[in-house]
$ cat model_14.csv   # CSV, C-alpha atoms and all ligand atoms
chain,number,residue,atom,x,y,z
A,210,MET,CA,-8.0,6.5,-20.7
A,211,LYS,CA,-5.4,6.4,-23.6
A,212,ILE,CA,-2.8,3.6,-23.3
A,213,LYS,CA,0.4,3.8,-25.3
A,214,ARG,CA,0.9,0.2,-26.1
A,215,GLU,CA,-1.1,-3.0,-26.1
A,216,PHE,CA,-0.6,-5.3,-23.1
A,217,SER,CA,-1.5,-9.0,-23.1
A,218,ILE,CA,-3.4,-9.1,-19.9
A,219,ASP,CA,-6.1,-11.6,-18.9
A,220,TYR,CA,-8.5,-9.2,-17.2
A,221,SER,CA,-10.3,-12.2,-15.6
A,222,LYS,CA,-7.2,-13.2,-13.7
A,223,LEU,CA,-5.9,-9.9,-12.3
A,224,PRO,CA,-3.9,-9.8,-9.1
A,225,LYS,CA,-6.4,-9.1,-6.4
A,226,HIS,CA,-4.1,-7.0,-4.3
A,227,ILE,CA,-1.2,-4.9,-5.6
A,228,ALA,CA,1.1,-3.3,-3.0
A,229,ILE,CA,3.4,-0.5,-4.0
A,230,ILE,CA,6.6,0.8,-2.4
A,231,MET,CA,6.7,4.3,-3.9
A,232,ASP,CA,10.3,5.3,-4.0
A,233,GLY,CA,12.4,8.0,-5.6
A,234,ASN,CA,10.3,11.2,-5.0
A,235,GLY,CA,13.1,13.0,-3.3
A,236,ARG,CA,15.6,12.1,-6.0
A,237,TRP,CA,13.1,13.1,-8.7
A,238,GLY,CA,13.1,16.6,-7.2
A,239,GLN,CA,16.8,16.8,-6.5
A,240,LYS,CA,17.6,15.7,-10.1
A,241,ARG,CA,15.8,18.8,-11.2
A,242,GLY,CA,17.5,21.0,-8.7
A,243,LEU,CA,14.2,21.3,-6.8
A,244,PRO,CA,13.3,20.6,-3.2
A,245,ARG,CA,12.5,17.0,-2.3
A,246,LEU,CA,8.9,18.1,-1.5
A,247,VAL,CA,8.4,19.0,-5.2
A,248,GLY,CA,9.1,15.3,-5.9
A,249,HIS,CA,6.5,14.2,-3.3
A,250,LYS,CA,4.0,16.6,-4.9
A,251,ALA,CA,4.7,15.0,-8.3
A,252,GLY,CA,4.4,11.6,-6.6
A,253,VAL,CA,0.8,12.4,-5.7
A,254,GLU,CA,0.0,12.7,-9.4
A,255,ALA,CA,1.3,9.2,-9.9
A,256,ILE,CA,-0.9,7.9,-7.0
A,257,ARG,CA,-3.9,9.6,-8.6
A,258,GLU,CA,-3.2,7.9,-12.0
A,259,VAL,CA,-2.6,4.4,-10.4
A,260,ILE,CA,-5.8,4.6,-8.4
A,261,LYS,CA,-7.8,5.6,-11.5
A,262,ILE,CA,-6.5,2.8,-13.8
A,263,SER,CA,-6.7,0.2,-11.1
A,264,SER,CA,-10.3,1.1,-10.3
A,265,ASP,CA,-11.1,1.2,-14.1
A,266,ILE,CA,-9.7,-2.3,-14.8
A,267,GLY,CA,-11.2,-3.9,-11.6
A,268,ILE,CA,-8.2,-4.4,-9.3
A,269,LYS,CA,-9.8,-5.0,-5.8
A,270,TYR,CA,-7.0,-3.7,-3.5
A,271,ILE,CA,-4.1,-1.3,-3.9
A,272,THR,CA,-1.8,-0.6,-0.9
A,273,VAL,CA,0.7,2.3,-1.1
A,274,TYR,CA,3.5,2.7,1.4
A,275,ALA,CA,3.1,6.4,2.1
A,276,PHE,CA,4.8,6.9,5.5
A,277,SER,CA,6.8,4.3,7.4
A,278,THR,CA,7.6,4.1,11.1
A,279,GLU,CA,11.2,5.0,10.0
A,280,ASN,CA,10.2,8.1,8.1
A,281,TRP,CA,10.0,10.2,11.3
A,282,LYS,CA,13.8,10.4,11.0
A,283,ARG,CA,13.4,12.7,8.0
A,284,PRO,CA,13.8,16.5,8.5
A,285,GLU,CA,10.8,18.0,10.3
A,286,ASP,CA,9.9,20.2,7.3
A,287,GLU,CA,9.7,17.2,5.0
A,288,VAL,CA,7.6,15.2,7.5
A,289,LYS,CA,5.2,18.2,7.8
A,290,GLY,CA,5.2,18.7,4.0
A,291,LEU,CA,4.2,15.0,3.5
A,292,PHE,CA,1.3,15.4,6.0
A,293,SER,CA,0.2,18.6,4.2
A,294,LEU,CA,0.2,16.8,0.9
A,295,LEU,CA,-1.9,14.0,2.3
A,296,ILE,CA,-4.4,16.5,3.7
A,297,LEU,CA,-4.5,18.3,0.3
A,298,TYR,CA,-5.0,15.0,-1.5
A,299,LEU,CA,-7.9,14.0,0.7
A,300,GLU,CA,-9.5,17.4,0.4
A,301,LYS,CA,-9.2,17.5,-3.4
A,302,GLU,CA,-9.7,13.9,-4.3
A,303,ILE,CA,-12.3,12.6,-1.8
A,304,GLU,CA,-15.3,13.4,-4.1
A,305,GLU,CA,-13.7,11.8,-7.1
A,306,ILE,CA,-12.7,8.7,-5.0
A,307,HIS,CA,-16.2,8.4,-3.7
A,308,LYS,CA,-17.8,8.9,-7.1
A,309,ASN,CA,-15.6,6.0,-8.4
A,310,ASN,CA,-16.9,3.8,-5.6
A,311,VAL,CA,-13.4,3.6,-4.1
A,312,GLN,CA,-13.2,2.7,-0.4
A,313,LEU,CA,-10.4,4.3,1.6
A,314,SER,CA,-8.6,2.1,4.2
A,315,ILE,CA,-5.5,2.7,6.4
A,316,ILE,CA,-2.9,0.4,7.9
A,317,GLY,CA,-0.5,1.6,10.5
A,318,GLU,CA,-0.7,3.7,13.6
A,319,TYR,CA,-2.2,6.7,11.9
A,320,LYS,CA,-3.9,7.8,15.2
A,321,LYS,CA,-0.4,8.9,16.3
A,322,LEU,CA,-0.2,11.5,13.5
A,323,PRO,CA,-1.1,15.1,14.1
A,324,GLU,CA,-4.7,15.7,15.1
A,325,ASN,CA,-5.7,17.6,11.9
A,326,VAL,CA,-4.4,14.7,9.8
A,327,VAL,CA,-6.2,12.1,11.9
A,328,LYS,CA,-9.4,14.1,11.6
A,329,LYS,CA,-9.2,14.4,7.8
A,330,ILE,CA,-8.5,10.7,7.5
A,331,ASP,CA,-11.4,9.7,9.7
A,332,ASP,CA,-13.7,11.9,7.7
A,333,ALA,CA,-12.5,10.2,4.4
A,334,LEU,CA,-12.8,6.7,5.9
A,335,ASN,CA,-16.3,7.5,7.0
A,336,ARG,CA,-17.3,9.1,3.7
A,337,THR,CA,-16.2,6.0,1.7
A,338,LYS,CA,-16.9,3.2,4.1
A,339,ASN,CA,-19.9,1.8,2.2
A,340,ASN,CA,-18.2,1.8,-1.2
A,341,THR,CA,-17.8,-1.5,-2.9
A,342,GLY,CA,-15.2,-0.9,-5.6
A,343,LEU,CA,-11.4,-0.7,-5.3
A,344,VAL,CA,-10.0,-0.6,-1.7
A,345,PHE,CA,-7.4,2.1,-1.6
A,346,ASN,CA,-5.3,1.2,1.4
A,347,ILE,CA,-2.7,3.7,2.6
A,348,ALA,CA,0.1,2.5,4.9
A,349,LEU,CA,0.7,5.4,7.3
A,350,ASN,CA,3.0,5.3,10.2
A,351,TYR,CA,3.3,1.7,9.2
A,352,GLY,CA,6.1,-0.8,10.0
A,353,GLY,CA,5.9,-4.6,9.4
A,354,ARG,CA,8.0,-5.3,12.6
A,355,ASP,CA,5.8,-3.0,14.7
A,356,GLU,CA,2.7,-4.7,13.3
A,357,ILE,CA,4.1,-8.2,14.3
A,358,LEU,CA,5.2,-6.8,17.7
A,359,ASN,CA,1.7,-5.4,18.4
A,360,MET,CA,0.1,-8.7,17.4
A,361,THR,CA,2.4,-10.6,19.7
A,362,ARG,CA,1.5,-8.3,22.6
A,363,LYS,CA,-2.2,-8.7,21.9
A,364,ILE,CA,-1.8,-12.5,22.1
A,365,TYR,CA,0.0,-12.2,25.4
A,366,LEU,CA,-2.9,-10.1,26.8
A,367,MET,CA,-5.5,-12.5,25.4
A,368,THR,CA,-3.7,-15.4,27.1
A,369,LYS,CA,-3.5,-13.4,30.4
A,370,ASP,CA,-7.2,-12.7,30.2
A,371,ASN,CA,-7.9,-16.5,29.6
A,372,LYS,CA,-9.2,-15.7,26.1
A,373,ILE,CA,-6.7,-18.2,24.8
A,374,GLU,CA,-6.4,-21.4,26.8
A,375,ASN,CA,-4.5,-23.8,24.5
A,376,VAL,CA,-1.4,-23.0,22.6
A,377,GLU,CA,-3.0,-24.6,19.4
A,378,GLU,CA,-5.5,-21.7,19.4
A,379,ILE,CA,-2.6,-19.5,18.3
A,380,ASP,CA,-2.7,-20.2,14.6
A,381,TYR,CA,-2.4,-18.3,11.2
A,382,ASN,CA,-6.1,-17.3,11.4
A,383,LEU,CA,-5.7,-15.8,14.9
A,384,ILE,CA,-2.4,-14.0,13.9
A,385,GLU,CA,-4.0,-12.6,10.7
A,386,SER,CA,-7.0,-11.3,12.6
A,387,LEU,CA,-4.7,-9.3,14.8
A,388,LEU,CA,-2.7,-7.6,12.1
A,389,PHE,CA,-3.6,-4.2,10.6
A,390,THR,CA,-4.5,-6.0,7.4
A,391,LYS,CA,-7.2,-8.2,9.0
A,392,ASN,CA,-9.7,-7.5,6.3
A,393,ILE,CA,-7.3,-7.4,3.4
A,394,PRO,CA,-5.9,-10.4,1.5
A,395,ASP,CA,-2.1,-10.9,1.1
A,396,PRO,CA,-0.6,-8.9,-1.8
A,397,ASP,CA,-0.2,-11.0,-4.9
A,398,LEU,CA,2.2,-8.5,-6.4
A,399,ILE,CA,4.5,-6.0,-4.8
A,400,ILE,CA,5.9,-3.2,-7.0
A,401,ARG,CA,8.9,-1.1,-6.0
A,402,THR,CA,10.2,1.9,-8.0
A,403,SER,CA,13.6,3.7,-8.3
A,404,GLY,CA,15.7,0.6,-8.8
A,405,GLU,CA,15.8,-0.5,-5.2
A,406,GLN,CA,15.0,-4.1,-4.5
A,407,ARG,CA,14.1,-4.5,-0.8
A,408,LEU,CA,11.0,-4.7,1.3
A,409,SER,CA,12.0,-1.9,3.8
A,410,ASN,CA,9.8,-3.3,6.6
A,411,PHE,CA,6.7,-3.4,4.4
A,412,LEU,CA,4.0,-6.2,4.8
A,413,LEU,CA,6.5,-8.6,6.3
A,414,TRP,CA,4.0,-11.3,7.3
A,415,GLN,CA,1.7,-10.7,4.3
A,416,SER,CA,4.4,-10.9,1.6
A,417,ALA,CA,5.4,-14.5,2.2
A,418,TYR,CA,4.3,-15.6,-1.3
A,419,SER,CA,4.0,-12.2,-3.1
A,420,GLU,CA,5.6,-11.8,-6.5
A,421,PHE,CA,8.0,-8.9,-6.7
A,422,TRP,CA,8.4,-6.5,-9.6
A,423,ALA,CA,10.9,-3.6,-9.6
A,424,THR,CA,11.4,-0.7,-12.0
A,425,ASP,CA,14.2,1.8,-12.3
A,426,LYS,CA,11.6,4.6,-12.9
A,427,LEU,CA,11.3,7.1,-10.0
A,428,TRP,CA,7.8,7.1,-8.4
A,429,PRO,CA,6.7,10.5,-9.9
A,430,ASP,CA,7.4,9.1,-13.4
A,431,PHE,CA,5.3,6.0,-12.8
A,432,ARG,CA,2.3,5.8,-15.1
A,433,LYS,CA,-0.6,3.6,-15.9
A,434,GLU,CA,1.5,1.8,-18.6
A,435,ASP,CA,3.9,0.7,-15.8
A,436,ILE,CA,1.3,-0.9,-13.6
A,437,LEU,CA,-0.1,-2.7,-16.7
A,438,GLU,CA,3.4,-3.9,-17.5
A,439,ALA,CA,3.8,-5.2,-14.0
A,440,ILE,CA,0.5,-7.1,-14.2
A,441,GLU,CA,1.6,-8.5,-17.6
A,442,VAL,CA,4.8,-9.8,-16.1
A,443,TYR,CA,3.0,-11.1,-13.0
A,444,GLN,CA,0.6,-13.1,-15.2
A,445,ASN,CA,3.6,-14.8,-16.9
A,446,ARG,CA,5.0,-15.9,-13.6
A,447,SER,CA,4.3,-19.3,-12.1
A,448,ARG,CA,3.3,-19.2,-8.5
A,449,ARG,CA,3.9,-22.4,-6.7
A,450,TYR,CA,3.6,-21.5,-3.0
A,451,GLY,CA,6.4,-23.8,-2.1
A,452,GLY,CA,4.9,-26.7,-4.1
A,453,VAL,CA,5.4,-27.9,-7.7
A,454,LYS,CA,3.4,-26.9,-10.7
A,455,ASN,CA,0.3,-29.1,-11.5
A,456,GLY,CA,1.2,-31.5,-8.7
A,457,GLY,CA,4.5,-32.3,-10.6
A,458,LYS,CA,2.6,-33.9,-13.6
B,1,LIG,C1,9.2,7.9,-1.5
B,1,LIG,O1,10.2,8.7,-2.0
B,1,LIG,C2,8.1,8.8,-1.0
B,1,LIG,C3,7.4,8.5,0.1
B,1,LIG,C4,7.7,7.4,1.0
B,1,LIG,C5,6.3,9.4,0.5
B,1,LIG,C6,5.1,9.3,-0.3
B,1,LIG,C7,4.0,10.1,0.4
B,1,LIG,C8,3.3,11.1,-0.2
B,1,LIG,C9,3.5,11.6,-1.6
B,1,LIG,C10,2.3,11.9,0.6
B,1,LIG,C11,0.9,11.9,0.1
B,1,LIG,C12,0.4,10.5,0.3
B,1,LIG,C13,-0.8,10.1,-0.3
B,1,LIG,C14,-1.2,8.7,-0.1
B,1,LIG,C15,-1.7,11.0,-1.1
B,1,LIG,P1,11.5,9.1,-1.2
B,1,LIG,O2,11.4,10.3,-0.5
B,1,LIG,O3,11.9,7.9,-0.3
B,1,LIG,O4,12.6,9.2,-2.3
B,1,LIG,P2,14.2,9.1,-2.3
B,1,LIG,O5,14.4,7.6,-2.1
B,1,LIG,O6,14.6,9.6,-3.6
B,1,LIG,O7,14.7,10.0,-1.2

$ encode --input "model_14.csv" --output "structure tokens"
Amino acid sequence: MKIKREFSIDYSKLPKHIAIIMDGNGRWGQKRGLPRLVGHKAGVEAIREVIKISSDIGIKYITVYAFSTENWKRPEDEVKGLFSLLILYLEKEIEEIHKNNVQLSIIGEYKKLPENVVKKIDDALNRTKNNTGLVFNIALNYGGRDEILNMTRKIYLMTKDNKIENVEEIDYNLIESLLFTKNIPDPDLIIRTSGEQRLSNFLLWQSAYSEFWATDKLWPDFRKEDILEAIEVYQNRSRRYGGVKNGGK
């Protein structure tokens, strides 16, 4: 893969998990006098490129925010168009994904999507389940507050069924085992495109100590150089998790 400039990246210390809020597809289309869906289509190209470079350099987890619980408020045609693009992507890319040892994963209540979409997703999950390379995690019908609400309800039911007897049993480990991301580490780096700087209900629990990097580029213009730049910036940050660097020495 040709890269336009050199990046000073330590490939032995890559962020393990990068989560991406893909934003600006609609505006990308509208700026060109084209329907929003054309922007979404162009956005799929950017996803393809990000998955390829991330898999090539050895990133372990990429999460993309593809459809939020709030996205149902969009016009019906746009929602349908997004699902069609997802189906098309899975049909066209699954062999390439599989060949690259990428494992597909989903967070969110995707079982509530239309039946044909659920079927396509389940086939893709099944096809790639034994792969050991990059985990490509798609947030679909996902909302951070919903995720926390579901987890809380599960804890209530466990308590009612006497599966939890002492309040101390409710700890971070239990909570994390009941979130959609139970098998996925917290994101080290969250990227958002299109100049916006907010989380929009994305990975609310998991983002407690994530580094945030934003770019003005619209998602369809995002290229491999942009993710490399984000990683370069990330590696120059000092993560202290609420403590002080080197114990304050
Ligand atoms: C953000 O732009 C776009 C989305 C949230 C949808 C992305 C989903 C797809 C491209 C469907 C296919 C998914 C996969 C994983 C292959 P926006 O519409 O919020 O842009 P705007 O802020 O300019 O309106």

$ atom_distance --input "model_14.csv" --atom1 "atom CA of Tyr351 of chain A" --atom2 "atom CA of Phe389 of chain A"
9.2 Å

$ closest_residue --input "model_14.csv" --among "A:Asp380, A:Glu405, A:Glu318, A:Glu285" --to "ligand LIG 1 (chain B)" --atoms "only C-alpha atoms and all ligand atoms"
A:Glu405

$ residues_around --input "model_14.csv" --residues "Pro429 of chain A" --least-positions-apart "6" --cutoff "12 Å" --atoms "all atoms listed in the file" --output "ChimeraX atom specification"
/A:231-238,245-259,402-403,435

$ atom_distance --input "model_14.csv" --atom1 "atom CA of Val273 of chain A" --atom2 "atom CA of Asn359 of chain A"
21.0 Å

$ closest_residue --input "model_14.csv" --among "A:Val344, A:Ile218, A:Leu383, A:Ile229" --to "Leu398 of chain A" --atoms "only C-alpha atoms"
A:Ile229

$ closest_residue --input "model_14.csv" --among "A:Tyr274, A:Tyr443, A:Trp281, A:Tyr220" --to "ligand LIG 1 (chain B)" --atoms "only C-alpha atoms and all ligand atoms"
A:Tyr274

$ closest_residue --input "model_14.csv" --among "A:Ile316, A:Val326, A:Leu243, A:Ala348" --to "ligand LIG 1 (chain B)" --atoms "only C-alpha atoms and all ligand atoms"
A:Ala348

$ closest_residue --input "model_14.csv" --among "A:Leu297, A:Leu413, A:Ala333, A:Ile400" --to "Gly353 of chain A" --atoms "only C-alpha atoms"
A:Leu413

$ residues_around --input "model_14.csv" --residues "Leu299 of chain A" --least-positions-apart "2" --cutoff "8 Å" --atoms "all atoms listed in the file" --output "ChimeraX atom specification"
/A:295-297,301-303,329-330,333

$ write_last_selection --input "model_14.csv" --atoms "C-alpha atoms" --output "compact mmCIF listing (two decimals), keeping the file's coordinate frame"
# COMPACT_ATOMS: atom_id res chain seq x y z
CA LEU A 295 -1.90 14.00 2.30
CA ILE A 296 -4.40 16.50 3.70
CA LEU A 297 -4.50 18.30 0.30
CA LYS A 301 -9.20 17.50 -3.40
CA GLU A 302 -9.70 13.90 -4.30
CA ILE A 303 -12.30 12.60 -1.80
CA LYS A 329 -9.20 14.40 7.80
CA ILE A 330 -8.50 10.70 7.50
CA ALA A 333 -12.50 10.20 4.40

$ residues_near_point --input "model_14.csv" --point "(0.7, -9.9, -9.0)" --cutoff "9 Å" --atoms "all atoms listed in the file" --output "PyMOL selection string"
chain A and resi 223-228+396-400+419-422+439-444+446

$ closest_residue --input "model_14.csv" --among "A:Leu349, A:Ile260, A:Leu291, A:Val311" --to "ligand LIG 1 (chain B)" --atoms "all atoms listed in the file"
A:Leu291

$ build_atoms --input "model_14.csv" --residues "segment 318-335 of chain A" --atoms "N, CA and C atoms" --output "PDB file, keeping the file's coordinate frame"
ATOM      1  N   GLU A 318      -0.236   2.927  12.475  1.00  0.00           N
ATOM      2  CA  GLU A 318      -0.700   3.700  13.600  1.00  0.00           C
ATOM      3  C   GLU A 318      -0.987   5.122  13.282  1.00  0.00           C
ATOM      4  N   TYR A 319      -1.983   5.323  12.410  1.00  0.00           N
ATOM      5  CA  TYR A 319      -2.200   6.700  11.900  1.00  0.00           C
ATOM      6  C   TYR A 319      -2.794   7.584  13.025  1.00  0.00           C
ATOM      7  N   LYS A 320      -3.361   6.984  14.069  1.00  0.00           N
ATOM      8  CA  LYS A 320      -3.900   7.800  15.200  1.00  0.00           C
ATOM      9  C   LYS A 320      -2.812   8.580  15.885  1.00  0.00           C
ATOM     10  N   LYS A 321      -1.544   8.184  15.674  1.00  0.00           N
ATOM     11  CA  LYS A 321      -0.400   8.900  16.300  1.00  0.00           C
ATOM     12  C   LYS A 321       0.052  10.075  15.449  1.00  0.00           C
ATOM     13  N   LEU A 322      -0.580  10.316  14.305  1.00  0.00           N
ATOM     14  CA  LEU A 322      -0.200  11.500  13.500  1.00  0.00           C
ATOM     15  C   LEU A 322      -0.859  12.716  14.040  1.00  0.00           C
ATOM     16  N   PRO A 323      -0.454  13.907  13.570  1.00  0.00           N
ATOM     17  CA  PRO A 323      -1.100  15.100  14.100  1.00  0.00           C
ATOM     18  C   PRO A 323      -2.602  15.097  13.987  1.00  0.00           C
ATOM     19  N   GLU A 324      -3.244  15.756  14.950  1.00  0.00           N
ATOM     20  CA  GLU A 324      -4.700  15.700  15.100  1.00  0.00           C
ATOM     21  C   GLU A 324      -5.469  16.071  13.817  1.00  0.00           C
ATOM     22  N   ASN A 325      -4.975  17.130  13.126  1.00  0.00           N
ATOM     23  CA  ASN A 325      -5.700  17.600  11.900  1.00  0.00           C
ATOM     24  C   ASN A 325      -5.634  16.505  10.811  1.00  0.00           C
ATOM     25  N   VAL A 326      -4.522  15.759  10.796  1.00  0.00           N
ATOM     26  CA  VAL A 326      -4.400  14.700   9.800  1.00  0.00           C
ATOM     27  C   VAL A 326      -5.331  13.543  10.128  1.00  0.00           C
ATOM     28  N   VAL A 327      -5.363  13.182  11.411  1.00  0.00           N
ATOM     29  CA  VAL A 327      -6.200  12.100  11.900  1.00  0.00           C
ATOM     30  C   VAL A 327      -7.693  12.417  11.533  1.00  0.00           C
ATOM     31  N   LYS A 328      -8.056  13.673  11.783  1.00  0.00           N
ATOM     32  CA  LYS A 328      -9.400  14.100  11.600  1.00  0.00           C
ATOM     33  C   LYS A 328      -9.804  13.954  10.074  1.00  0.00           C
ATOM     34  N   LYS A 329      -8.905  14.441   9.214  1.00  0.00           N
ATOM     35  CA  LYS A 329      -9.200  14.400   7.800  1.00  0.00           C
ATOM     36  C   LYS A 329      -9.284  12.914   7.308  1.00  0.00           C
ATOM     37  N   ILE A 330      -8.417  12.072   7.853  1.00  0.00           N
ATOM     38  CA  ILE A 330      -8.500  10.700   7.500  1.00  0.00           C
ATOM     39  C   ILE A 330      -9.761  10.020   7.934  1.00  0.00           C
ATOM     40  N   ASP A 331     -10.131  10.278   9.188  1.00  0.00           N
ATOM     41  CA  ASP A 331     -11.400   9.700   9.700  1.00  0.00           C
ATOM     42  C   ASP A 331     -12.585  10.109   8.903  1.00  0.00           C
ATOM     43  N   ASP A 332     -12.598  11.388   8.501  1.00  0.00           N
ATOM     44  CA  ASP A 332     -13.700  11.900   7.700  1.00  0.00           C
ATOM     45  C   ASP A 332     -13.755  11.103   6.349  1.00  0.00           C
ATOM     46  N   ALA A 333     -12.568  10.919   5.751  1.00  0.00           N
ATOM     47  CA  ALA A 333     -12.500  10.200   4.400  1.00  0.00           C
ATOM     48  C   ALA A 333     -12.880   8.761   4.576  1.00  0.00           C
ATOM     49  N   LEU A 334     -12.446   8.146   5.693  1.00  0.00           N
ATOM     50  CA  LEU A 334     -12.800   6.700   5.900  1.00  0.00           C
ATOM     51  C   LEU A 334     -14.310   6.597   6.048  1.00  0.00           C
ATOM     52  N   ASN A 335     -14.868   7.531   6.793  1.00  0.00           N
ATOM     53  CA  ASN A 335     -16.300   7.500   7.000  1.00  0.00           C
ATOM     54  C   ASN A 335     -17.102   7.748   5.758  1.00  0.00           C
TER      55      ASN A 335
END
